[in-house]
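Undergrad: Handing you a structure now.
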Amino acid sequence: MSAAHALYPTVQLAATEGASEHRPLIITLFAAFVVATLFITVWAGRQTKSASDFYAGGRQFTGFQNGLAVSGDYMSAASFLGIAGAIALFGYDGFLYSIGFLVAWLVALLLVAEPLRNSGRYTMGDVLAYRMRQRPVRTAAGTSTIVVSIFYLLAQMAGAGVLVSLLLGITSDAGKVLIVALVGILMILYVTIGGMKGTTWVQMVKAVLLIAGTLLITFLILLKFNFNISDLLGTAASNSGKGAAFLEPGLKYGVDNISKLDFISLGIALVLGTAGLPHILIRFYTVPTAKAARKSVNWAIGIIGAFYLMTIVLGFGAAAILKQDDIVASNKAGNTAAPLAALEIGGGSGSTGGAILLAVISAVAFATILAVVAGLTLASSSSFAHDIYANVIRKGQATEKEEVRAARWATVAIGIVSIGLGALARDLNVAGLVALAFAVAASANLPTILYSLFWKRFTTQGALWSIYGGLASSVLLVLFSPVVSSKPSSMFPDVDFAWFPLENPGLISIPLGFLLGWVGSLISKEKADSDKYAELEVKSLTGVGAH
C-alpha cells in the first residue's frame with residue numbers, strides 16, 4: 001500500500017547480490033529451522049491422542065510456556081516485516097501500527113481473554129452455544145473464524161513470498177508463487193501432524209528466536225548511532241528526503257479528508273481487532289486453570305511490549321541507513337526493510353557479516369511466518385471440525401477420532417485457499433493486510449463475544465445478525481476498496497471497481513456489527529434465557545465449572 005509503488009513498478013531485489021555469494025549458508029539456515037520444527041511437530045504429533053490434545057494441547061502448558069506461545073502467535077510477519085517497512089517509508093504514520101497492535105492486546109486482555117477461557121472448551125462457538133440455539137450460532141462462528149483466519153493468512157503468505165524471494169534471488173512471479181505454495185504445504189504439515197501441541201512448541205521456539213534476532217539488530221543499529229536516539233531519528237528524517245515531516249503525522253494519513261477517515265478506521269480496527277482474532281483466543285484454552293491463563297497474559301504483555309518498542313528502532317533505523325529508493329525497489333510495500341537493514345548493518349552488500357546477519361534475520365522472520373500460519377490454520381480447522389462438522393453436520397454424534405480427522409482435512413482445504421489468495425497478495429504491505437483481518441474480526445466476532453458475555457438480553461437472532469452482518473459488510477467493503485483495485489499498489493492495479501474510498505472498512509463495519517447485534521436482539525421474538533446467562537456469568541467471571 002505504498003505511495004512509492006507507482007514510482008517503482010518493477011521489483012528489483014537489492015540484496016540479491018550480497019546474498020548470492022553466501023547462498024549455501026542461507027539455504028542451510030532455512031533448512032535447519034524447517035527440519036528442527038518438523039522434528040518438534042512429529043514428536044508432538046505422537047503425543048496427540050485425543051481431541052483435547054489436538055485442539056488445546058491437553059491443557060498441559062504452564063503460564064510461562066503459554067505466554068511465550070501467545071507472544072509467538074501475536075508477533076506476526078506484519079509486526080516484524082510490515083511495521084518496519086511502514087515506518088521506513090512513512091515515518092510517524094507507520095509507527096502508528098506499533099501503537100495500535102500493542103494497545104489492541106491490552107483491550108483483548110481486559111475484556112475478553114479470561115472470561116472466554118472460562119466459558120468455552122475449544123472455540124468461540126462453545127461460548128455462543130452455551131446460551132443460544134447451538135446449530136445456527138456454531139455455523140456462524142465457524143464461518144466467521146475461517147474467513148478472518150484466511151484474511152490474516154494472506155499477510156503471512158505475502159511476507160513469506162517476499163522474504164524467501166529476497167534471499168534466493170527469485171525475481172519471477174512464478175517463483176514467488178511457488179514459494180507461497182511451499183509455505184502453505186509446511187503449514188498443512190505442522191497442523192495435521194502436530195495439532196495444538198506441535199504448533200505451541202513451534203510458537204515458543206519462534207518467540208525466543210524473534211526476540212533474540214530483533215534485540216540483536218536493535219542493539220547494532222543503536223550502536224551505530226552511539227545509542228543517541230535523537231541522532232538516529234534526525235538521520236532517518238534527513239535520509240528519507242522528507243525532512244522534519246518524516247517525524248510528524250501526515251505523510252500517509254491526514255493528507256486529505258479521505259486519508260483522515262482512513263486513519264480513524266485503521267485505529268478502530270487495530271485497537272478492537274485482537275479481541276476477535278480466533279487464533280489468539282484459542283491460546284487461552286491450552287492452560288489448565290484461570291490462574292495459569294492470567295500468568296501467561298502477564299508474560300505475554302512483557303514480551304510483546306518489549307518487541308513493539310524495538311520495531312520503532314528497526315523502522316527508523318532502516319530509514320536512517322538505507323535509501324528510500326532501495327527499499328521500494330526491493331519490495332513495493334517496504335516489507336524487506338528489516339532484512340535489508342540487517343544486511344547493511346552487518347557490513348553491506350558482498351560482506352560475509354552482512355550476508356550472515358541477513359540470513360539469520362530472514363530465517364527468524366521465516367520462523368515467525370510459519371509459526372503464525374500454523375496457529376491461524378489450527379484455529380480455523382478446529383472451528384470447522386468442532387463447531388460445523390461435529391455439532392452441526394453430525395449433530396453431536398461424531399466421535400473424537402472423526403472430529404480430528406475432519407480438522408485435518410479442513411486444514412488441507414484452508415491451506416489450498418490460502419496459497420491461491422496469498423499468491424495474489426504478494427506485493428501488498430503485510431501490516432496493511434493484517435489490519436484488514438483485524439477489521440473483519442472486530443466487525444463479526446467482537447460484538448458477538450461481548451454481547452454474549454455481558455448482555456443478558458442477547459439472543460440467537462442478535463448473534464446471527466451481528467456475525468453475518470459484520471462479516472458481509474467488512475468483506476464487501478474490502479472487495480470494493482483501493483486495496484483490491486484502482487491504485488498501483490492494489491491487488492489488481494489494472495482495473496477499477498473501488499467505489500468505497502477507504503483502505504480499511506472498520507469505521508463502517510465495526511459499528512454496524514454492534515448495531516445489528518443490538519437491533520436483532522431487541523426485535524427478536526425469542527426470549528433470552530436469563531438462567532443460562534446467570535450460569536455463564538458466574539462461570540466466565542469465576543472459572544467455576546470451566547474445562
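Please note that chains go A, B, ... in the order of the C-alpha cells, that every chain numbers its residues from 1, and that ligands are numbered from 1 in the order shown.
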Identify, on the basis of only C-alpha atoms, every residue whose closest approach to region 495-504 of chain A does not exceed 6 Å; exclude the query and any residue fewer than 6 positions from it along the same chain; express the result as a PyMOL selection string.

TA: chain A and resi 262+265-266+480-483+485-486

Undergrad: Could you take the residues named above and write them with N, CA, C and O atoms, as a PDB file, in the first residue's frame?

TA:
```
ATOM      1  N   ASP A 262      -9.486   7.335   6.851  1.00  0.00           N
ATOM      2  CA  ASP A 262      -8.793   6.044   6.777  1.00  0.00           C
ATOM      3  C   ASP A 262      -7.968   5.793   8.039  1.00  0.00           C
ATOM      4  O   ASP A 262      -7.894   4.670   8.534  1.00  0.00           O
ATOM      5  N   SER A 265     -10.341   4.833  10.777  1.00  0.00           N
ATOM      6  CA  SER A 265     -10.803   3.466  10.510  1.00  0.00           C
ATOM      7  C   SER A 265      -9.734   2.442  10.882  1.00  0.00           C
ATOM      8  O   SER A 265     -10.020   1.420  11.515  1.00  0.00           O
ATOM      9  N   LEU A 266      -8.488   2.733  10.512  1.00  0.00           N
ATOM     10  CA  LEU A 266      -7.367   1.849  10.854  1.00  0.00           C
ATOM     11  C   LEU A 266      -7.208   1.742  12.369  1.00  0.00           C
ATOM     12  O   LEU A 266      -7.044   0.650  12.919  1.00  0.00           O
ATOM     13  N   PHE A 480     -14.421  -3.858  -2.566  1.00  0.00           N
ATOM     14  CA  PHE A 480     -14.651  -2.673  -3.403  1.00  0.00           C
ATOM     15  C   PHE A 480     -13.858  -1.467  -2.907  1.00  0.00           C
ATOM     16  O   PHE A 480     -14.279  -0.323  -3.074  1.00  0.00           O
ATOM     17  N   SER A 481     -12.697  -1.735  -2.303  1.00  0.00           N
ATOM     18  CA  SER A 481     -11.833  -0.663  -1.796  1.00  0.00           C
ATOM     19  C   SER A 481     -10.567  -0.575  -2.642  1.00  0.00           C
ATOM     20  O   SER A 481     -10.286  -1.461  -3.463  1.00  0.00           O
ATOM     21  N   PRO A 482      -9.753   0.461  -2.440  1.00  0.00           N
ATOM     22  CA  PRO A 482      -8.485   0.584  -3.189  1.00  0.00           C
ATOM     23  C   PRO A 482      -7.478  -0.520  -2.889  1.00  0.00           C
ATOM     24  O   PRO A 482      -6.493  -0.657  -3.597  1.00  0.00           O
ATOM     25  N   VAL A 483      -7.716  -1.324  -1.852  1.00  0.00           N
ATOM     26  CA  VAL A 483      -6.818  -2.449  -1.574  1.00  0.00           C
ATOM     27  C   VAL A 483      -6.866  -3.463  -2.711  1.00  0.00           C
ATOM     28  O   VAL A 483      -5.853  -4.066  -3.070  1.00  0.00           O
ATOM     29  N   SER A 485      -8.502  -2.878  -6.005  1.00  0.00           N
ATOM     30  CA  SER A 485      -8.397  -2.336  -7.364  1.00  0.00           C
ATOM     31  C   SER A 485      -8.163  -0.826  -7.342  1.00  0.00           C
ATOM     32  O   SER A 485      -8.212  -0.200  -6.283  1.00  0.00           O
ATOM     33  N   SER A 486      -7.872  -0.279  -8.504  1.00  0.00           N
ATOM     34  CA  SER A 486      -7.833   1.164  -8.797  1.00  0.00           C
ATOM     35  C   SER A 486      -6.497   1.866  -8.564  1.00  0.00           C
ATOM     36  O   SER A 486      -6.240   2.906  -9.147  1.00  0.00           O
TER      37      SER A 486
END
```

Undergrad: Which region 299-380 of chain A residues have any atom within 7 Å of an atom of region 21-38 of chain A, and for each, what is the nearest pair of atoms with distance in Å to one decimal, counting only C-alpha atoms, rows sorted by chain and number, as CSV?

TA:
```
residue,atom,partner,partner_atom,distance
A:Ala355,CA,A:His22,CA,6.4
A:Ala359,CA,A:Ile26,CA,5.1
A:Ala363,CA,A:Phe30,CA,5.6
```

Undergrad: Output all heavy atoms for every residue in the selection just made, as a PDB file, in the first residue's frame.

TA:
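The new file part32.pdb reads:
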```pdb
ATOM      1  N   ALA A 355      25.913 -10.807   4.988  1.00  0.00           N
ATOM      2  CA  ALA A 355      25.178 -11.970   4.486  1.00  0.00           C
ATOM      3  C   ALA A 355      24.720 -12.877   5.624  1.00  0.00           C
ATOM      4  O   ALA A 355      23.603 -13.387   5.607  1.00  0.00           O
ATOM      5  CB  ALA A 355      26.047 -12.755   3.509  1.00  0.00           C
ATOM      6  N   ALA A 359      20.901 -13.582   6.611  1.00  0.00           N
ATOM      7  CA  ALA A 359      20.396 -14.958   6.644  1.00  0.00           C
ATOM      8  C   ALA A 359      19.738 -15.266   7.983  1.00  0.00           C
ATOM      9  O   ALA A 359      18.661 -15.861   8.039  1.00  0.00           O
ATOM     10  CB  ALA A 359      21.532 -15.935   6.375  1.00  0.00           C
ATOM     11  N   ALA A 363      15.825 -15.903   8.441  1.00  0.00           N
ATOM     12  CA  ALA A 363      15.394 -17.199   8.970  1.00  0.00           C
ATOM     13  C   ALA A 363      14.454 -17.002  10.157  1.00  0.00           C
ATOM     14  O   ALA A 363      13.471 -17.720  10.308  1.00  0.00           O
ATOM     15  CB  ALA A 363      16.607 -18.026   9.383  1.00  0.00           C
TER      16      ALA A 363
END
```

Undergrad: Which one of A:Phe90, A:Ser418, A:Pro505, A:Ala407 sits closest to Val177 (chain A) if you count only C-alpha atoms?

TA: A:Ser418

Undergrad: Between A:Gly470, A:Gly462, A:Gly184, A:Gly375, which is the closest to Ser524 (chain A) once you count only C-alpha atoms?

TA: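 Checking each candidate against Ser524 (chain A), we get A:Gly462 as the closest.
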
Undergrad: For CA of Thr274 (chain A) and CA of Val107 (chain A), quote the distance in Å rounded to one decimal.

TA: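 Computing the Euclidean distance for CA of Thr274 (chain A) and CA of Val107 (chain A) yields 7.9 Å.
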
Undergrad: Please provide as a ChimeraX atom specification all residues within 12 Å of Ala174 (chain A), with the sequence filter that same-chain residues fewer than 3 positions apart are discarded (counting only C-alpha atoms).

TA: /A:161,165,170-171,177-181,423-424,426

Undergrad: Dump N, CA and C atoms for the selected residues as an mmCIF file, in the first residue's frame?

TA:
```
data_model
loop_
_atom_site.group_PDB
_atom_site.id
_atom_site.type_symbol
_atom_site.label_atom_id
_atom_site.label_comp_id
_atom_site.auth_asym_id
_atom_site.auth_seq_id
_atom_site.Cartn_x
_atom_site.Cartn_y
_atom_site.Cartn_z
ATOM 1 N N GLY A 161 6.547 -14.978 0.704
ATOM 2 C CA GLY A 161 6.957 -14.859 -0.696
ATOM 3 C C GLY A 161 8.040 -13.822 -0.891
ATOM 4 N N SER A 165 12.067 -14.916 -1.581
ATOM 5 C CA SER A 165 12.495 -14.420 -2.898
ATOM 6 C C SER A 165 13.734 -13.548 -2.763
ATOM 7 N N ILE A 170 15.073 -14.874 -6.317
ATOM 8 C CA ILE A 170 13.992 -15.209 -7.251
ATOM 9 C C ILE A 170 13.253 -13.932 -7.628
ATOM 10 N N THR A 171 13.210 -13.622 -8.898
ATOM 11 C CA THR A 171 12.542 -12.394 -9.345
ATOM 12 C C THR A 171 11.272 -12.667 -10.144
ATOM 13 N N VAL A 177 5.226 -17.409 -6.477
ATOM 14 C CA VAL A 177 4.024 -18.213 -6.230
ATOM 15 C C VAL A 177 4.411 -19.593 -5.703
ATOM 16 N N LEU A 178 5.491 -20.151 -6.246
ATOM 17 C CA LEU A 178 5.973 -21.457 -5.785
ATOM 18 C C LEU A 178 6.388 -21.394 -4.309
ATOM 19 N N ILE A 179 7.033 -20.294 -3.914
ATOM 20 C CA ILE A 179 7.436 -20.124 -2.508
ATOM 21 C C ILE A 179 6.218 -20.089 -1.605
ATOM 22 N N VAL A 180 5.197 -19.334 -2.016
ATOM 23 C CA VAL A 180 3.959 -19.267 -1.241
ATOM 24 C C VAL A 180 3.357 -20.661 -1.087
ATOM 25 N N ALA A 181 3.405 -21.441 -2.173
ATOM 26 C CA ALA A 181 2.860 -22.802 -2.130
ATOM 27 C C ALA A 181 3.649 -23.687 -1.159
ATOM 28 N N ALA A 423 -0.816 -15.825 -3.152
ATOM 29 C CA ALA A 423 -0.076 -15.553 -4.387
ATOM 30 C C ALA A 423 -0.518 -14.230 -5.013
ATOM 31 N N LEU A 424 -1.814 -13.915 -4.904
ATOM 32 C CA LEU A 424 -2.332 -12.657 -5.453
ATOM 33 C C LEU A 424 -1.907 -11.448 -4.623
ATOM 34 N N ARG A 426 0.899 -10.918 -2.924
ATOM 35 C CA ARG A 426 2.324 -10.952 -2.565
ATOM 36 C C ARG A 426 2.994 -9.576 -2.576
#
```

Undergrad: Counting only C-alpha atoms, what is within 6 Å of region 399-401 of chain A, bar same-chain residues fewer than 2 positions away, as a VMD selection string?

TA: chain A and resid 51 403 to 404

Undergrad: Store the residues of this selection in a file with N, CA, C and O atoms, as a short mmCIF file (atom, residue, chain, number, x, y, z; two decimals), in the first residue's frame.

TA:
```cif
data_model
loop_
_atom_site.label_atom_id
_atom_site.label_comp_id
_atom_site.auth_asym_id
_atom_site.auth_seq_id
_atom_site.Cartn_x
_atom_site.Cartn_y
_atom_site.Cartn_z
N ALA A 51 -9.02 -35.47 21.08
CA ALA A 51 -9.45 -34.17 20.55
C ALA A 51 -8.90 -33.04 21.42
O ALA A 51 -8.51 -31.98 20.93
N GLU A 403 -13.79 -36.30 14.53
CA GLU A 403 -13.66 -34.85 14.64
C GLU A 403 -12.25 -34.39 14.26
O GLU A 403 -12.07 -33.44 13.50
N VAL A 404 -11.26 -35.09 14.79
CA VAL A 404 -9.87 -34.73 14.50
C VAL A 404 -9.55 -34.97 13.02
O VAL A 404 -8.85 -34.18 12.38
#
```

Undergrad: My list of candidates is A:Phe366, A:Phe227, A:Tyr122, A:Phe263. Which is closest to Arg59 (chain A) when distances are computed with only C-alpha atoms?

TA: A:Tyr122

Undergrad: Using only C-alpha atoms, which of A:Ile467, A:Met310, A:Ile303, A:Leu68 sits nearest Phe219 (chain A)?

TA: A:Met310

Undergrad: I need the residues of region 257-473 of chain A that end up classed as alpha helix (DSSP H) by DSSP on the backbone, written out as a ChimeraX atom specification.

TA: /A:257-273,278-281,290-321,324-330,337-345,352-383,400-424,430-444,446-454,460-473
